[in-house]
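I have placed the structure first, in the form of structure tokens, so that the comments after it can refer back to it.
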Amino acid sequence: MSAFARREWGPLYATLRTALITKRWRAVPMTLGAFCLTALFQLVQNQSWGIGLVHDIGFVEAEDPLWVALLRTPLSLFVPALDLPVWGALAQVLLVFGIAEICLGRWRTLVIAYVSTLAGTTYARIGIALGPDGLFGLPASDAQIVDTGPSAAVVGLAVVVCWRFRAWFTVALLIVSMVVEVLVKNNLAGKEHLAAIAAVLVVCALSTLLRRRRRQRLRTGSRSGAPPIRS
């Protein structure tokens, strides 16, 4: 069991431990900012004067015009879902965003988080267009569901981090748990999580393919005596 744990999570643990020991909280400035922003949105949207403001800048619904949804999507990551406890969103941001920021870097973390959330939002529109009778369809009533929170981004980031450190068992377990979630509770959020996973798996596959092609070009240039290709 210990050998499995070292193989599965050893490199990830070593990376996190080194960063937190050497930099401490300075290792995750973006995560701390996201944590504070999420807490701020929760505070504001619970005020009678603030719910309208948060709605206008961070609430996303499938019935919204596409350009409105695209403008609101970046901030929607940090607006806690109204029907879930805020501590869950804060814990997800602090833990998963923090791990991703250390392992992937600040900008890659933000890009993956946005891609995951955008994939879920896009799927909602496609699913509603397919209708409830389709395999991937959704009922028309889901168009009015307020679609906010970091959960899709968290799932996407978790998959990419595990892919980065070759934690294959953890990736498989995460995907299976999301599938089970949809089977047990067939709702919009669960299907958006699967859409986020599909999107980041495509990103990971493309990244791996590009990296292999780059290595092949470098090896080919080395054998031919040409100067190495600089990236």
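Going through the structure tokens in order, the chains are called A, B, and so on, while each chain numbers its residues from 1 and the ligands are numbered from 1 in the order shown.
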Could you build a table of the residues in stretch 114-183 of chain A lying no more than 12 Å from stretch 200-221 of chain A, giving for each the nearest pair of atoms and their separation in Å rounded to one decimal place, using only C-alpha atoms, ordered by chain and ascending residue number, as JSON lines?
{"residue": "A:Tyr114", "atom": "CA", "partner": "A:Val200", "partner_atom": "CA", "distance": 10.5}
{"residue": "A:Val115", "atom": "CA", "partner": "A:Val200", "partner_atom": "CA", "distance": 7.5}
{"residue": "A:Ser116", "atom": "CA", "partner": "A:Val200", "partner_atom": "CA", "distance": 6.7}
{"residue": "A:Thr117", "atom": "CA", "partner": "A:Val200", "partner_atom": "CA", "distance": 10.5}
{"residue": "A:Leu118", "atom": "CA", "partner": "A:Val200", "partner_atom": "CA", "distance": 11.1}
{"residue": "A:Ala119", "atom": "CA", "partner": "A:Val200", "partner_atom": "CA", "distance": 9.0}
{"residue": "A:Gly120", "atom": "CA", "partner": "A:Val200", "partner_atom": "CA", "distance": 11.3}
{"residue": "A:Ala152", "atom": "CA", "partner": "A:Val200", "partner_atom": "CA", "distance": 10.7}
{"residue": "A:Ala153", "atom": "CA", "partner": "A:Val200", "partner_atom": "CA", "distance": 9.9}
{"residue": "A:Val154", "atom": "CA", "partner": "A:Val200", "partner_atom": "CA", "distance": 11.4}
{"residue": "A:Val155", "atom": "CA", "partner": "A:Val200", "partner_atom": "CA", "distance": 9.4}
{"residue": "A:Gly156", "atom": "CA", "partner": "A:Val200", "partner_atom": "CA", "distance": 6.0}
{"residue": "A:Leu157", "atom": "CA", "partner": "A:Val200", "partner_atom": "CA", "distance": 8.1}
{"residue": "A:Ala158", "atom": "CA", "partner": "A:Val200", "partner_atom": "CA", "distance": 9.9}
{"residue": "A:Val159", "atom": "CA", "partner": "A:Val200", "partner_atom": "CA", "distance": 7.4}
{"residue": "A:Val160", "atom": "CA", "partner": "A:Val200", "partner_atom": "CA", "distance": 6.8}
{"residue": "A:Val161", "atom": "CA", "partner": "A:Cys204", "partner_atom": "CA", "distance": 10.1}
{"residue": "A:Cys162", "atom": "CA", "partner": "A:Cys204", "partner_atom": "CA", "distance": 10.7}
{"residue": "A:Trp163", "atom": "CA", "partner": "A:Cys204", "partner_atom": "CA", "distance": 7.5}
{"residue": "A:Arg164", "atom": "CA", "partner": "A:Cys204", "partner_atom": "CA", "distance": 8.6}
{"residue": "A:Arg166", "atom": "CA", "partner": "A:Cys204", "partner_atom": "CA", "distance": 11.7}
{"residue": "A:Val171", "atom": "CA", "partner": "A:Leu201", "partner_atom": "CA", "distance": 10.4}
{"residue": "A:Ala172", "atom": "CA", "partner": "A:Leu201", "partner_atom": "CA", "distance": 11.9}
{"residue": "A:Ile175", "atom": "CA", "partner": "A:Leu201", "partner_atom": "CA", "distance": 10.8}
Just the selected residues (C-alpha atoms), exported as a short mmCIF file (atom, residue, chain, number, x, y, z; two decimals), in the first residue's frame, please.
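Listed below is the output, selection26.cif:
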data_model
loop_
_atom_site.label_atom_id
_atom_site.label_comp_id
_atom_site.auth_asym_id
_atom_site.auth_seq_id
_atom_site.Cartn_x
_atom_site.Cartn_y
_atom_site.Cartn_z
CA TYR A 114 -11.96 28.95 -17.42
CA VAL A 115 -11.93 26.22 -20.08
CA SER A 116 -13.62 23.81 -17.66
CA THR A 117 -16.30 26.29 -16.66
CA LEU A 118 -16.88 27.37 -20.25
CA ALA A 119 -17.22 23.73 -21.31
CA GLY A 120 -19.94 23.22 -18.72
CA ALA A 152 -16.54 22.49 -12.82
CA ALA A 153 -13.22 24.33 -12.62
CA VAL A 154 -12.22 22.25 -9.59
CA VAL A 155 -12.97 18.99 -11.38
CA GLY A 156 -11.05 20.10 -14.47
CA LEU A 157 -8.05 21.24 -12.47
CA ALA A 158 -7.98 18.00 -10.47
CA VAL A 159 -7.87 15.95 -13.68
CA VAL A 160 -5.06 18.05 -15.18
CA VAL A 161 -2.95 17.92 -12.00
CA CYS A 162 -3.33 14.14 -11.80
CA TRP A 163 -2.48 13.86 -15.51
CA ARG A 164 0.58 16.05 -15.01
CA ARG A 166 0.77 10.51 -13.82
CA VAL A 171 -7.80 10.24 -12.52
CA ALA A 172 -9.82 7.07 -13.13
CA ILE A 175 -13.95 10.19 -13.60
#
- Which of stretch 111-197 of chain A fall in helix (DSSP H, G or I), as number ranges by chain: A: 111-130, 140-144, 151-164, 168-184, 188-197
- Message: Under the rule that only C-alpha atoms are counted, which of A:His193, A:Arg17, A:Arg125, A:Lys185 is the nearest residue to A:Glu63?
- Response: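 Closest residue, counting only C-alpha atoms: A:Arg125.
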- Message: Give me, as an NGL selection string, all polymer residues having an atom no more than 10 Å from stretch 40-46 of chain A, counting only C-alpha atoms and skipping those fewer than 5 positions away in the same chain.
- Response: :A and (34-35 or 51-55 or 58 or 75-76 or 78-82 or 86 or 89-90)
Would you mind exporting the chosen residues as a PDB file, in the first residue's frame, restricted to C-alpha atoms?
ATOM      1  CA  ALA A  34      -9.747  33.774  -5.540  1.00  0.00           C
ATOM      2  CA  PHE A  35     -10.634  32.714  -1.992  1.00  0.00           C
ATOM      3  CA  ILE A  51     -27.955  40.320  -5.081  1.00  0.00           C
ATOM      4  CA  GLY A  52     -28.846  42.328  -8.183  1.00  0.00           C
ATOM      5  CA  LEU A  53     -25.233  43.449  -8.629  1.00  0.00           C
ATOM      6  CA  VAL A  54     -23.883  39.896  -8.366  1.00  0.00           C
ATOM      7  CA  HIS A  55     -26.595  38.683 -10.726  1.00  0.00           C
ATOM      8  CA  GLY A  58     -21.671  36.763 -12.287  1.00  0.00           C
ATOM      9  CA  LEU A  75     -16.558  35.853 -12.553  1.00  0.00           C
ATOM     10  CA  SER A  76     -19.174  33.103 -12.247  1.00  0.00           C
ATOM     11  CA  PHE A  78     -16.159  32.762  -7.875  1.00  0.00           C
ATOM     12  CA  VAL A  79     -19.879  33.227  -7.179  1.00  0.00           C
ATOM     13  CA  PRO A  80     -20.937  30.507  -4.705  1.00  0.00           C
ATOM     14  CA  ALA A  81     -24.021  28.548  -5.756  1.00  0.00           C
ATOM     15  CA  LEU A  82     -27.097  29.793  -3.921  1.00  0.00           C
ATOM     16  CA  VAL A  86     -20.428  28.607   0.961  1.00  0.00           C
ATOM     17  CA  ALA A  89     -16.919  26.533  -2.460  1.00  0.00           C
ATOM     18  CA  LEU A  90     -14.267  28.175  -0.288  1.00  0.00           C
TER      19      LEU A  90
END
- Message: Just want the 12 Å neighbourhood of A:Ala129, counted on only C-alpha atoms, with same-chain residues fewer than 6 positions away dropped. Output as a list in words.
- Response: Ala62, Glu63, Thr122, Tyr123, Phe136, Gly137, Leu138, Pro139, Ala140, Ser141, Asp142 and Ala143 of chain A
- Task: Calculate how many Å separate atom CA of A:Leu130 from atom CA of A:Ser177, rounding to one decimal.
- Result: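 Interatomic distance, atom CA of A:Leu130 to atom CA of A:Ser177: 24.8 Å.
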- To one decimal in Å, tell me the separation between atom CA of A:Ala5 and atom CA of A:Trp168.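 Going from atom CA of A:Ala5 over to atom CA of A:Trp168 covers 11.9 Å.
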Who sits within 9 Å of A:Arg7, only C-alpha atoms, same chain under 4 positions skipped, as a PDB file with N, CA and C atoms, in the first residue's frame:
ATOM      1  N   SER A   2       1.923   1.237   0.806  1.00  0.00           N
ATOM      2  CA  SER A   2       2.802   2.404   0.867  1.00  0.00           C
ATOM      3  C   SER A   2       3.519   2.618  -0.452  1.00  0.00           C
ATOM      4  N   ALA A   3       3.870   1.506  -1.125  1.00  0.00           N
ATOM      5  CA  ALA A   3       4.532   1.629  -2.427  1.00  0.00           C
ATOM      6  C   ALA A   3       3.573   2.243  -3.443  1.00  0.00           C
ATOM      7  N   PRO A  11       5.339  12.120  -6.213  1.00  0.00           N
ATOM      8  CA  PRO A  11       5.835  13.324  -6.899  1.00  0.00           C
ATOM      9  C   PRO A  11       4.988  14.562  -6.611  1.00  0.00           C
ATOM     10  N   ARG A 166       0.983  11.912 -13.476  1.00  0.00           N
ATOM     11  CA  ARG A 166       0.770  10.506 -13.815  1.00  0.00           C
ATOM     12  C   ARG A 166       0.077   9.733 -12.688  1.00  0.00           C
ATOM     13  N   ALA A 167      -0.835  10.378 -12.015  1.00  0.00           N
ATOM     14  CA  ALA A 167      -1.623   9.714 -10.972  1.00  0.00           C
ATOM     15  C   ALA A 167      -2.854   9.087 -11.638  1.00  0.00           C
TER      16      ALA A 167
END
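With distances restricted to only C-alpha atoms, A:Thr38 is the closest residue to A:Leu94 from A:Thr22, A:Gln144, A:Thr38, A:Asn186.
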- Got a sec: who's within 9 Å of stretch 181-184 of chain A, counting only C-alpha atoms, leaving out chain neighbours fewer than 6 positions off, as a list of chain:residue names? A:Gly190, A:Lys191, A:Leu194
Could you pull the residues within 12 Å of A:Val28, counting only C-alpha atoms, minus those fewer than 6 positions along the same chain, as a CSV table (one decimal) with N, CA, C and O atoms, in the first residue's frame?
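Resulting contents of result_8.csv:
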chain,number,residue,atom,x,y,z
A,16,LEU,N,4.4,19.8,-3.7
A,16,LEU,CA,3.6,20.7,-2.8
A,16,LEU,C,4.4,21.0,-1.6
A,16,LEU,O,4.5,22.2,-1.1
A,19,ALA,N,7.3,23.6,-2.2
A,19,ALA,CA,6.7,24.9,-2.4
A,19,ALA,C,6.2,25.6,-1.2
A,19,ALA,O,6.5,26.8,-0.9
A,20,LEU,N,5.5,24.8,-0.4
A,20,LEU,CA,4.9,25.4,0.9
A,20,LEU,C,6.0,25.6,1.9
A,20,LEU,O,5.9,26.6,2.7
A,22,THR,N,9.3,26.4,1.3
A,22,THR,CA,10.1,27.5,0.8
A,22,THR,C,9.4,28.8,0.7
A,22,THR,O,10.0,29.9,1.0
A,34,ALA,N,-8.5,34.4,-5.2
A,34,ALA,CA,-9.7,33.8,-5.5
A,34,ALA,C,-10.6,33.4,-4.3
A,34,ALA,O,-11.8,33.6,-4.3
A,35,PHE,N,-9.9,33.0,-3.2
A,35,PHE,CA,-10.6,32.7,-2.0
A,35,PHE,C,-11.3,34.0,-1.5
A,35,PHE,O,-12.5,33.9,-1.1
A,93,VAL,N,-11.9,26.0,-3.6
A,93,VAL,CA,-11.0,27.0,-4.1
A,93,VAL,C,-9.6,27.0,-3.4
A,93,VAL,O,-8.5,26.9,-4.0
A,94,LEU,N,-9.6,26.9,-2.1
A,94,LEU,CA,-8.4,27.0,-1.3
A,94,LEU,C,-7.5,25.7,-1.6
A,94,LEU,O,-6.3,25.8,-1.8
A,95,LEU,N,-8.2,24.5,-1.6
A,95,LEU,CA,-7.4,23.3,-1.7
A,95,LEU,C,-7.0,23.0,-3.2
A,95,LEU,O,-5.8,22.9,-3.5
A,96,VAL,N,-8.0,22.9,-4.1
A,96,VAL,CA,-7.7,22.5,-5.4
A,96,VAL,C,-7.0,23.6,-6.2
A,96,VAL,O,-6.0,23.4,-7.0
A,97,PHE,N,-7.5,24.9,-6.1
A,97,PHE,CA,-6.8,25.9,-6.8
A,97,PHE,C,-5.4,26.1,-6.3
A,97,PHE,O,-4.5,26.4,-7.1
A,98,GLY,N,-5.2,25.9,-5.0
A,98,GLY,CA,-3.9,26.0,-4.4
A,98,GLY,C,-2.9,25.0,-5.0
A,98,GLY,O,-1.8,25.3,-5.3
A,99,ILE,N,-3.4,23.7,-5.0
A,99,ILE,CA,-2.6,22.7,-5.5
A,99,ILE,C,-2.2,22.9,-7.0
A,99,ILE,O,-1.1,22.8,-7.4
A,100,ALA,N,-3.2,23.3,-7.8
A,100,ALA,CA,-3.0,23.6,-9.2
A,100,ALA,C,-2.1,24.8,-9.4
A,100,ALA,O,-1.2,24.7,-10.3
A,101,GLU,N,-2.2,25.8,-8.6
A,101,GLU,CA,-1.3,26.9,-8.8
A,101,GLU,C,0.2,26.6,-8.6
A,101,GLU,O,1.1,27.0,-9.3
A,102,ILE,N,0.4,25.7,-7.6
A,102,ILE,CA,1.8,25.3,-7.3
A,102,ILE,C,2.3,24.4,-8.4
A,102,ILE,O,3.4,24.5,-8.9
A,103,CYS,N,1.4,23.5,-8.9
A,103,CYS,CA,1.9,22.4,-9.8
A,103,CYS,C,1.8,22.9,-11.3
A,103,CYS,O,2.7,22.4,-12.1
A,104,LEU,N,0.9,23.7,-11.6
A,104,LEU,CA,0.7,24.1,-13.0
A,104,LEU,C,1.2,25.5,-13.3
A,104,LEU,O,1.4,25.9,-14.4
A,105,GLY,N,1.2,26.4,-12.3
A,105,GLY,CA,1.5,27.8,-12.5
A,105,GLY,C,0.2,28.6,-12.5
A,105,GLY,O,-0.9,28.1,-12.7
A,106,ARG,N,0.3,29.9,-12.2
A,106,ARG,CA,-0.8,30.7,-12.0
A,106,ARG,C,-1.7,30.8,-13.3
A,106,ARG,O,-2.9,30.6,-13.3
A,107,TRP,N,-1.0,31.1,-14.4
A,107,TRP,CA,-1.8,31.4,-15.6
A,107,TRP,C,-2.4,30.1,-16.2
A,107,TRP,O,-3.6,30.1,-16.7
A,109,THR,N,-3.4,27.6,-14.5
A,109,THR,CA,-4.5,27.3,-13.6
A,109,THR,C,-5.7,28.1,-14.0
A,109,THR,O,-6.8,27.5,-14.1
- Query: Separation of atom CA of A:Ala124 and atom CA of A:Ile145, in Å?
  - Reply: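 Separation of atom CA of A:Ala124 and atom CA of A:Ile145: 9.9 Å.
Distances to A:Pro74 were evaluated for A:Met1, A:Glu61, A:Arg108, A:Pro150 using only C-alpha atoms, and the minimum falls at A:Pro150.
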- Item | Residue nearest A:Arg72 - candidates A:Val146, A:Ala195, A:Leu32, A:Val176, atoms counted: only C-alpha atoms |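 Of the candidates, the smallest distance to A:Arg72 is held by A:Val146.
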